[in-house]
$ cat run.tsv   # TSV, C-alpha atoms
chain	number	residue	atom	x	y	z
A	38	MET	CA	21.58	1.54	18.32
A	39	GLY	CA	18.58	3.85	17.76
A	40	TYR	CA	17.63	6.07	14.86
A	41	LYS	CA	16.59	9.69	14.72
A	42	ARG	CA	13.69	9.05	12.37
A	43	PRO	CA	12.33	5.90	10.76
A	44	VAL	CA	12.71	5.49	6.99
A	45	LEU	CA	9.34	5.69	5.20
A	46	ILE	CA	9.04	3.90	1.85
A	47	GLY	CA	5.92	4.35	-0.27
A	48	ILE	CA	5.09	1.55	-2.72
A	49	ALA	CA	2.28	2.27	-5.19
A	50	GLY	CA	0.98	0.61	-8.34
A	51	GLY	CA	-2.17	-0.82	-9.84
A	52	SER	CA	-4.10	-3.81	-8.55
A	53	GLY	CA	-2.13	-6.96	-9.39
A	54	SER	CA	1.04	-5.03	-10.27
A	55	GLY	CA	3.25	-6.83	-7.75
A	56	LYS	CA	3.34	-4.24	-4.96
A	57	THR	CA	3.03	-6.92	-2.33
A	58	SER	CA	5.90	-9.01	-3.73
A	59	VAL	CA	8.15	-5.91	-3.76
A	60	THR	CA	7.07	-5.17	-0.18
A	61	HIS	CA	7.88	-8.73	0.90
A	62	ALA	CA	11.26	-8.66	-0.86
A	63	ILE	CA	12.29	-5.47	0.98
A	64	HIS	CA	10.78	-6.69	4.25
A	65	ASP	CA	12.73	-9.95	4.10
A	66	VAL	CA	16.05	-8.10	3.80
A	67	PHE	CA	15.36	-5.90	6.83
A	68	LYS	CA	13.68	-8.44	9.08
A	69	GLU	CA	16.81	-8.46	11.26
A	70	HIS	CA	16.37	-4.69	11.59
A	71	SER	CA	12.92	-3.58	12.63
A	72	VAL	CA	10.38	-3.11	9.87
A	73	VAL	CA	6.61	-2.70	9.71
A	74	VAL	CA	4.24	-2.78	6.73
A	75	ILE	CA	1.22	-0.46	6.68
A	76	GLU	CA	-1.32	-1.43	4.02
A	77	GLN	CA	-3.47	1.36	2.62
A	78	ASP	CA	-6.29	-1.22	2.22
A	79	TYR	CA	-6.70	-1.27	6.00
A	80	TYR	CA	-7.66	2.41	5.88
A	81	TYR	CA	-10.87	2.15	3.89
A	82	LYS	CA	-13.49	4.41	5.45
A	83	ASP	CA	-15.86	3.13	8.09
A	84	GLN	CA	-19.24	2.43	6.46
A	85	SER	CA	-21.19	1.24	9.49
A	86	HIS	CA	-23.63	4.14	9.06
A	87	LEU	CA	-24.69	2.77	5.66
A	88	GLU	CA	-27.11	-0.06	4.92
A	89	PHE	CA	-25.38	-3.25	3.73
A	90	GLU	CA	-26.80	-2.88	0.22
A	91	GLN	CA	-25.36	0.64	0.01
A	92	ARG	CA	-21.94	-0.61	1.10
A	93	LEU	CA	-21.89	-3.05	-1.80
A	94	GLY	CA	-21.79	-0.09	-4.18
A	95	THR	CA	-18.53	1.31	-2.77
A	96	ASN	CA	-15.85	2.04	-5.36
A	97	TYR	CA	-12.72	0.79	-3.58
A	98	ASP	CA	-10.43	2.08	-6.33
A	99	HIS	CA	-11.42	5.74	-5.85
A	100	PRO	CA	-9.40	8.08	-3.57
A	101	ASP	CA	-12.58	8.95	-1.64
A	102	ALA	CA	-12.86	5.35	-0.39
A	103	PHE	CA	-9.86	5.85	1.90
A	104	ASP	CA	-9.65	7.55	5.29
A	105	THR	CA	-6.49	9.37	4.25
A	106	ASP	CA	-6.59	11.76	7.21
A	107	LEU	CA	-6.34	8.84	9.65
A	108	LEU	CA	-3.58	7.24	7.57
A	109	ILE	CA	-1.52	10.45	7.60
A	110	GLU	CA	-2.09	10.83	11.35
A	111	ASP	CA	-0.92	7.25	12.01
A	112	ILE	CA	2.15	7.55	9.75
A	113	LYS	CA	3.16	10.76	11.53
A	114	ARG	CA	2.82	9.01	14.89
A	115	LEU	CA	5.04	6.13	13.73
A	116	LEU	CA	7.62	8.61	12.40
A	117	ASN	CA	7.60	10.22	15.84
A	118	ARG	CA	8.28	6.81	17.42
A	119	GLN	CA	4.76	6.49	18.81
A	120	ALA	CA	2.62	3.33	18.64
A	121	ILE	CA	-0.67	3.24	16.70
A	122	GLU	CA	-3.85	1.18	16.59
A	123	LYS	CA	-4.06	0.16	12.92
A	124	PRO	CA	-7.65	-0.29	11.73
A	125	ILE	CA	-8.84	-3.58	10.25
A	126	TYR	CA	-11.29	-3.70	7.34
A	127	ASP	CA	-13.94	-6.41	7.27
A	128	TYR	CA	-14.46	-7.31	3.60
A	129	ALA	CA	-17.40	-9.59	4.42
A	130	LEU	CA	-19.35	-6.74	6.07
A	131	HIS	CA	-17.85	-4.02	3.83
A	132	THR	CA	-16.98	-1.78	6.74
A	133	ARG	CA	-14.31	-1.27	9.38
A	134	SER	CA	-13.96	-3.91	12.06
A	135	LYS	CA	-14.28	-3.01	15.74
A	136	GLU	CA	-10.90	-4.73	16.21
A	137	THR	CA	-7.58	-2.95	15.67
A	138	LEU	CA	-3.94	-4.04	15.44
A	139	HIS	CA	-1.42	-2.54	17.87
A	140	ILE	CA	1.65	-1.45	15.89
A	141	GLU	CA	4.88	-0.38	17.56
A	142	PRO	CA	7.20	2.11	15.78
A	143	GLN	CA	10.04	0.55	13.75
A	144	ASP	CA	13.18	1.71	11.92
A	145	VAL	CA	11.71	1.00	8.47
A	146	ILE	CA	8.07	1.70	7.58
A	147	ILE	CA	6.72	0.38	4.27
A	148	LEU	CA	3.47	2.03	3.19
A	149	GLU	CA	1.89	-0.01	0.41
A	150	GLY	CA	-1.26	0.62	-1.62
A	151	ILE	CA	-2.71	1.59	-4.98
A	152	LEU	CA	-2.92	5.31	-4.16
A	153	VAL	CA	-0.22	6.00	-1.56
A	154	LEU	CA	1.48	8.45	-3.97
A	155	GLY	CA	-1.79	10.28	-4.64
A	156	ASP	CA	-1.81	12.52	-1.58
A	157	PRO	CA	0.80	15.32	-1.40
A	158	GLN	CA	0.92	15.23	2.42
A	159	LEU	CA	1.73	11.52	2.38
A	160	ARG	CA	4.33	11.96	-0.37
A	161	ASP	CA	6.08	14.68	1.62
A	162	LEU	CA	6.59	12.27	4.51
A	163	MET	CA	8.26	9.61	2.32
A	164	ASP	CA	12.01	9.11	2.01
A	165	ILE	CA	11.63	6.85	-1.04
A	166	LYS	CA	8.69	6.67	-3.45
A	167	LEU	CA	8.25	3.57	-5.64
A	168	PHE	CA	5.78	2.78	-8.39
A	169	VAL	CA	5.44	-0.84	-9.49
A	170	ASP	CA	4.63	-0.70	-13.19
A	171	THR	CA	3.22	-3.88	-14.72
A	172	ASP	CA	1.41	-4.42	-18.03
A	173	ALA	CA	-2.38	-4.37	-17.83
A	174	ASP	CA	-2.77	-7.92	-19.17
A	175	LEU	CA	-0.63	-9.35	-16.35
A	176	ARG	CA	-2.46	-7.27	-13.75
A	177	ILE	CA	-5.92	-8.48	-14.85
A	178	ILE	CA	-4.78	-12.14	-14.94
A	179	ARG	CA	-3.36	-11.85	-11.42
A	180	ARG	CA	-6.54	-10.16	-10.18
A	181	ILE	CA	-8.76	-12.84	-11.72
A	182	LEU	CA	-6.72	-15.63	-10.12
A	183	ARG	CA	-6.62	-13.87	-6.73
A	184	ASP	CA	-10.31	-12.97	-6.57
A	185	ILE	CA	-11.49	-16.41	-7.70
A	186	ASN	CA	-9.10	-18.41	-5.49
A	187	GLU	CA	-8.99	-16.19	-2.39
A	188	ARG	CA	-12.29	-14.31	-2.41
A	189	GLY	CA	-14.68	-16.82	-3.98
A	190	ARG	CA	-15.61	-14.57	-6.89
A	191	SER	CA	-16.83	-15.71	-10.29
A	192	MET	CA	-14.82	-15.03	-13.46
A	193	ASP	CA	-17.66	-12.93	-14.90
A	194	SER	CA	-17.97	-10.72	-11.82
A	195	VAL	CA	-14.22	-10.07	-11.67
A	196	ILE	CA	-14.05	-9.12	-15.35
A	197	GLU	CA	-17.16	-6.92	-15.10
A	198	GLN	CA	-15.71	-5.08	-12.09
A	199	TYR	CA	-12.38	-4.68	-13.85
A	200	LEU	CA	-13.93	-3.13	-16.96
A	201	SER	CA	-16.47	-0.93	-15.15
A	202	VAL	CA	-14.41	0.24	-12.14
A	203	VAL	CA	-10.83	-1.00	-11.79
A	204	ARG	CA	-9.54	-0.11	-15.26
A	205	PRO	CA	-11.06	3.41	-15.47
A	206	MET	CA	-9.98	4.22	-11.91
A	207	HIS	CA	-6.47	3.00	-12.66
A	208	ASN	CA	-6.22	5.24	-15.71
A	209	GLN	CA	-7.74	8.25	-13.93
A	210	PHE	CA	-6.16	8.11	-10.48
A	211	ILE	CA	-3.40	5.49	-10.12
A	212	GLU	CA	-1.36	5.70	-13.34
A	213	PRO	CA	-0.91	9.51	-13.07
A	214	THR	CA	0.83	9.12	-9.66
A	215	LYS	CA	3.71	7.36	-11.41
A	216	ARG	CA	5.24	10.76	-12.11
A	217	TYR	CA	5.81	11.30	-8.39
A	218	ALA	CA	7.90	8.13	-7.99
A	219	ASP	CA	11.63	8.28	-7.37
A	220	ILE	CA	11.94	4.82	-8.91
A	221	ILE	CA	9.63	2.95	-11.27
A	222	ILE	CA	9.97	-0.83	-10.96
A	223	PRO	CA	8.77	-2.87	-13.95
A	224	GLU	CA	7.45	-6.38	-13.24
A	225	GLY	CA	7.31	-6.04	-9.47
A	226	GLY	CA	9.06	-8.57	-7.26
A	227	GLN	CA	10.63	-10.35	-10.22
A	228	ASN	CA	12.89	-7.34	-10.78
A	229	GLU	CA	15.82	-8.33	-8.56
A	230	VAL	CA	18.11	-5.54	-9.80
A	231	ALA	CA	15.62	-2.85	-8.79
A	232	ILE	CA	15.05	-4.52	-5.41
A	233	ASP	CA	18.82	-4.64	-4.77
A	234	LEU	CA	19.13	-0.94	-5.62
A	235	MET	CA	16.30	-0.13	-3.22
A	236	VAL	CA	17.84	-2.16	-0.42
A	237	THR	CA	21.20	-0.42	-0.86
A	238	LYS	CA	19.51	3.00	-0.73
A	239	ILE	CA	17.55	2.14	2.41
A	240	LYS	CA	20.68	0.87	4.15
A	241	THR	CA	22.47	4.11	3.24
A	242	ILE	CA	19.68	6.20	4.77
A	243	LEU	CA	19.64	4.09	7.93
A	244	GLU	CA	23.40	4.35	8.36
A	245	THR	CA	23.38	8.11	7.71
A	246	ASP	CA	20.61	8.74	10.22
A	247	SER	CA	21.88	6.45	12.93
A	248	ILE	CA	22.69	7.78	16.36
A	249	VAL	CA	26.12	6.63	17.51
$ encode --input "run.tsv" --output "structure tokens"
Amino acid sequence: MGYKRPVLIGIAGGSGSGKTSVTHAIHDVFKEHSVVVIEQDYYYKDQSHLEFEQRLGTNYDHPDAFDTDLLIEDIKRLLNRQAIEKPIYDYALHTRSKETLHIEPQDVIILEGILVLGDPQLRDLMDIKLFVDTDADLRIIRRILRDINERGRSMDSVIEQYLSVVRPMHNQFIEPTKRYADIIIPEGGQNEVAIDLMVTKIKTILETDSIV
């Protein structure tokens, strides 16, 4: 059975809010279907034209850090049942990798990232818009643990970045996009009721749009 148009779900929220756990929870339910996750983080702009020292100054929490035009183009291709070459971002070199990931179109597309609800063109493509809303103290604790354990950062550097960049950018750009969400999910992937509601809604859309 095919489908007229894939279902596009946007999942936004601050760094450490639990977006990824919500994404995984939805993905797990539909793994028997066909589902693909597109991470906004992969669409940071290419910075190969900049010196390495200049790249270190990039504010990754600002809308201008993302190649939103390419992201919109790729999402439109997937919605039209066309394959894409998803970019890969090299965090060690602070620029886009020469490698890409070949992504085939699927019935369910999950677009996840801090600012996926920030662009009106992207929002207009979405069937369901989610905002994962988690208290700032939990978000900073999760970020500290992640950056120290997974990215080899020091506690001081993570806190300094949070206070100087992450927190102000969240308040200025990310938090205001909450008003565009169809559903606001407190506490991320721990909120099983909200996840169940989302799954039911997605199934309804898939069944409605199916081609007999």
$ residues_around --input "run.tsv" --residues "range 228-237 of chain A" --least-positions-apart "2" --cutoff "8 Å" --atoms "all atoms listed in the file" --output "PyMOL selection string"
chain A and resi 59+62-63+66+222-226+239-241
$ residues_around --input "run.tsv" --residues "Pro142 in chain A" --least-positions-apart "5" --cutoff "6 Å" --atoms "all atoms listed in the file" --output "mmCIF file with C-alpha atoms, keeping the file's coordinate frame"
data_model
loop_
_atom_site.group_PDB
_atom_site.id
_atom_site.type_symbol
_atom_site.label_atom_id
_atom_site.label_comp_id
_atom_site.auth_asym_id
_atom_site.auth_seq_id
_atom_site.Cartn_x
_atom_site.Cartn_y
_atom_site.Cartn_z
ATOM 1 C CA LEU A 115 5.040 6.130 13.730
ATOM 2 C CA ARG A 118 8.280 6.810 17.420
ATOM 3 C CA GLN A 119 4.760 6.490 18.810
ATOM 4 C CA ALA A 120 2.620 3.330 18.640
#
$ residues_around --input "run.tsv" --residues "range 72-85 of chain A" --least-positions-apart "6" --cutoff "8 Å" --atoms "all atoms listed in the file" --output "list in words"
Thr60, His64, Arg92, Tyr97, Ala102, Phe103, Asp104, Thr105, Leu107, Leu108, Lys123, Pro124, Ile125, Tyr126, His131, Thr132, Arg133, Pro142, Gln143, Asp144, Val145, Ile146, Ile147, Leu148, Glu149, Gly150, Ile151, Leu152 and Val153 of chain A
$ residues_around --input "run.tsv" --residues "range 210-217 of chain A" --least-positions-apart "3" --cutoff "9 Å" --atoms "only C-alpha atoms" --output "compact mmCIF listing (two decimals) with C-alpha atoms, in the frame of the given file"
# COMPACT_ATOMS: atom_id res chain seq x y z
CA ALA A 49 2.28 2.27 -5.19
CA GLY A 50 0.98 0.61 -8.34
CA GLY A 51 -2.17 -0.82 -9.84
CA ASP A 98 -10.43 2.08 -6.33
CA HIS A 99 -11.42 5.74 -5.85
CA PRO A 100 -9.40 8.08 -3.57
CA ILE A 151 -2.71 1.59 -4.98
CA LEU A 152 -2.92 5.31 -4.16
CA VAL A 153 -0.22 6.00 -1.56
CA LEU A 154 1.48 8.45 -3.97
CA GLY A 155 -1.79 10.28 -4.64
CA ARG A 160 4.33 11.96 -0.37
CA LYS A 166 8.69 6.67 -3.45
CA LEU A 167 8.25 3.57 -5.64
CA PHE A 168 5.78 2.78 -8.39
CA VAL A 169 5.44 -0.84 -9.49
CA ASP A 170 4.63 -0.70 -13.19
CA PRO A 205 -11.06 3.41 -15.47
CA MET A 206 -9.98 4.22 -11.91
CA HIS A 207 -6.47 3.00 -12.66
CA ILE A 220 11.94 4.82 -8.91
CA ILE A 221 9.63 2.95 -11.27
$ closest_residue --input "run.tsv" --among "A:Arg42, A:His86, A:His139, A:Arg179" --to "Gly55 in chain A" --atoms "only C-alpha atoms"
A:Arg179
$ atom_distance --input "run.tsv" --atom1 "CA of Arg190 in chain A" --atom2 "CA of Ala129 in chain A"
12.5 Å
$ atom_distance --input "run.tsv" --atom1 "CA of Ile181 in chain A" --atom2 "CA of Tyr199 in chain A"
9.2 Å
$ build_atoms --input "run.tsv" --residues "range 59-89 of chain A" --atoms "N, CA and C atoms" --output "PDB file, in the coordinates of the input"
ATOM      1  N   VAL A  59       7.063  -6.859  -4.000  1.00  0.00           N
ATOM      2  CA  VAL A  59       8.150  -5.910  -3.760  1.00  0.00           C
ATOM      3  C   VAL A  59       8.259  -5.623  -2.260  1.00  0.00           C
ATOM      4  N   THR A  60       7.109  -5.413  -1.629  1.00  0.00           N
ATOM      5  CA  THR A  60       7.070  -5.170  -0.180  1.00  0.00           C
ATOM      6  C   THR A  60       7.712  -6.325   0.576  1.00  0.00           C
ATOM      7  N   HIS A  61       7.331  -7.557   0.214  1.00  0.00           N
ATOM      8  CA  HIS A  61       7.880  -8.730   0.900  1.00  0.00           C
ATOM      9  C   HIS A  61       9.384  -8.855   0.675  1.00  0.00           C
ATOM     10  N   ALA A  62       9.836  -8.552  -0.545  1.00  0.00           N
ATOM     11  CA  ALA A  62      11.260  -8.660  -0.860  1.00  0.00           C
ATOM     12  C   ALA A  62      12.075  -7.701   0.006  1.00  0.00           C
ATOM     13  N   ILE A  63      11.591  -6.458   0.156  1.00  0.00           N
ATOM     14  CA  ILE A  63      12.290  -5.470   0.980  1.00  0.00           C
ATOM     15  C   ILE A  63      12.181  -5.854   2.464  1.00  0.00           C
ATOM     16  N   HIS A  64      11.003  -6.295   2.861  1.00  0.00           N
ATOM     17  CA  HIS A  64      10.780  -6.690   4.250  1.00  0.00           C
ATOM     18  C   HIS A  64      11.724  -7.812   4.659  1.00  0.00           C
ATOM     19  N   ASP A  65      11.893  -8.790   3.784  1.00  0.00           N
ATOM     20  CA  ASP A  65      12.730  -9.950   4.100  1.00  0.00           C
ATOM     21  C   ASP A  65      14.187  -9.543   4.377  1.00  0.00           C
ATOM     22  N   VAL A  66      14.667  -8.535   3.625  1.00  0.00           N
ATOM     23  CA  VAL A  66      16.050  -8.100   3.800  1.00  0.00           C
ATOM     24  C   VAL A  66      16.236  -7.423   5.162  1.00  0.00           C
ATOM     25  N   PHE A  67      15.222  -6.701   5.602  1.00  0.00           N
ATOM     26  CA  PHE A  67      15.360  -5.900   6.830  1.00  0.00           C
ATOM     27  C   PHE A  67      14.715  -6.540   8.045  1.00  0.00           C
ATOM     28  N   LYS A  68      14.352  -7.826   7.944  1.00  0.00           N
ATOM     29  CA  LYS A  68      13.680  -8.440   9.080  1.00  0.00           C
ATOM     30  C   LYS A  68      14.575  -8.532  10.320  1.00  0.00           C
ATOM     31  N   GLU A  69      15.898  -8.489  10.110  1.00  0.00           N
ATOM     32  CA  GLU A  69      16.810  -8.460  11.260  1.00  0.00           C
ATOM     33  C   GLU A  69      16.842  -7.069  11.883  1.00  0.00           C
ATOM     34  N   HIS A  70      16.480  -6.073  11.098  1.00  0.00           N
ATOM     35  CA  HIS A  70      16.370  -4.690  11.590  1.00  0.00           C
ATOM     36  C   HIS A  70      15.058  -4.629  12.348  1.00  0.00           C
ATOM     37  N   SER A  71      14.308  -3.573  12.176  1.00  0.00           N
ATOM     38  CA  SER A  71      12.920  -3.580  12.630  1.00  0.00           C
ATOM     39  C   SER A  71      12.127  -2.891  11.535  1.00  0.00           C
ATOM     40  N   VAL A  72      11.124  -3.589  11.030  1.00  0.00           N
ATOM     41  CA  VAL A  72      10.380  -3.110   9.870  1.00  0.00           C
ATOM     42  C   VAL A  72       8.898  -3.412  10.072  1.00  0.00           C
ATOM     43  N   VAL A  73       8.050  -2.495   9.626  1.00  0.00           N
ATOM     44  CA  VAL A  73       6.610  -2.700   9.710  1.00  0.00           C
ATOM     45  C   VAL A  73       5.989  -2.311   8.373  1.00  0.00           C
ATOM     46  N   VAL A  74       4.964  -3.067   7.973  1.00  0.00           N
ATOM     47  CA  VAL A  74       4.240  -2.780   6.730  1.00  0.00           C
ATOM     48  C   VAL A  74       2.873  -2.212   7.096  1.00  0.00           C
ATOM     49  N   ILE A  75       2.549  -1.070   6.516  1.00  0.00           N
ATOM     50  CA  ILE A  75       1.220  -0.460   6.680  1.00  0.00           C
ATOM     51  C   ILE A  75       0.518  -0.526   5.327  1.00  0.00           C
ATOM     52  N   GLU A  76      -0.584  -1.271   5.270  1.00  0.00           N
ATOM     53  CA  GLU A  76      -1.320  -1.430   4.020  1.00  0.00           C
ATOM     54  C   GLU A  76      -2.417  -0.381   3.925  1.00  0.00           C
ATOM     55  N   GLN A  77      -2.435   0.343   2.813  1.00  0.00           N
ATOM     56  CA  GLN A  77      -3.470   1.360   2.620  1.00  0.00           C
ATOM     57  C   GLN A  77      -4.872   0.732   2.655  1.00  0.00           C
ATOM     58  N   ASP A  78      -4.994  -0.522   2.232  1.00  0.00           N
ATOM     59  CA  ASP A  78      -6.290  -1.220   2.220  1.00  0.00           C
ATOM     60  C   ASP A  78      -6.943  -1.265   3.596  1.00  0.00           C
ATOM     61  N   TYR A  79      -6.140  -1.220   4.651  1.00  0.00           N
ATOM     62  CA  TYR A  79      -6.700  -1.270   6.000  1.00  0.00           C
ATOM     63  C   TYR A  79      -7.408   0.047   6.341  1.00  0.00           C
ATOM     64  N   TYR A  80      -7.160   1.068   5.569  1.00  0.00           N
ATOM     65  CA  TYR A  80      -7.660   2.410   5.880  1.00  0.00           C
ATOM     66  C   TYR A  80      -8.857   2.811   5.013  1.00  0.00           C
ATOM     67  N   TYR A  81      -9.602   1.808   4.525  1.00  0.00           N
ATOM     68  CA  TYR A  81     -10.870   2.150   3.890  1.00  0.00           C
ATOM     69  C   TYR A  81     -11.784   2.767   4.949  1.00  0.00           C
ATOM     70  N   LYS A  82     -12.627   3.695   4.514  1.00  0.00           N
ATOM     71  CA  LYS A  82     -13.490   4.410   5.450  1.00  0.00           C
ATOM     72  C   LYS A  82     -14.478   3.480   6.138  1.00  0.00           C
ATOM     73  N   ASP A  83     -14.813   3.831   7.366  1.00  0.00           N
ATOM     74  CA  ASP A  83     -15.860   3.130   8.090  1.00  0.00           C
ATOM     75  C   ASP A  83     -17.198   3.375   7.389  1.00  0.00           C
ATOM     76  N   GLN A  84     -17.953   2.297   7.147  1.00  0.00           N
ATOM     77  CA  GLN A  84     -19.240   2.430   6.460  1.00  0.00           C
ATOM     78  C   GLN A  84     -20.396   1.889   7.297  1.00  0.00           C
ATOM     79  N   SER A  85     -20.182   1.837   8.606  1.00  0.00           N
ATOM     80  CA  SER A  85     -21.190   1.240   9.490  1.00  0.00           C
ATOM     81  C   SER A  85     -22.502   2.043   9.498  1.00  0.00           C
ATOM     82  N   HIS A  86     -22.434   3.309   9.094  1.00  0.00           N
ATOM     83  CA  HIS A  86     -23.630   4.140   9.060  1.00  0.00           C
ATOM     84  C   HIS A  86     -24.495   3.866   7.836  1.00  0.00           C
ATOM     85  N   LEU A  87     -23.958   3.074   6.882  1.00  0.00           N
ATOM     86  CA  LEU A  87     -24.690   2.770   5.660  1.00  0.00           C
ATOM     87  C   LEU A  87     -25.364   1.402   5.748  1.00  0.00           C
ATOM     88  N   GLU A  88     -26.490   1.256   5.047  1.00  0.00           N
ATOM     89  CA  GLU A  88     -27.110  -0.060   4.920  1.00  0.00           C
ATOM     90  C   GLU A  88     -26.171  -0.975   4.135  1.00  0.00           C
ATOM     91  N   PHE A  89     -26.282  -2.295   4.380  1.00  0.00           N
ATOM     92  CA  PHE A  89     -25.380  -3.250   3.730  1.00  0.00           C
ATOM     93  C   PHE A  89     -25.451  -3.135   2.209  1.00  0.00           C
TER      94      PHE A  89
END
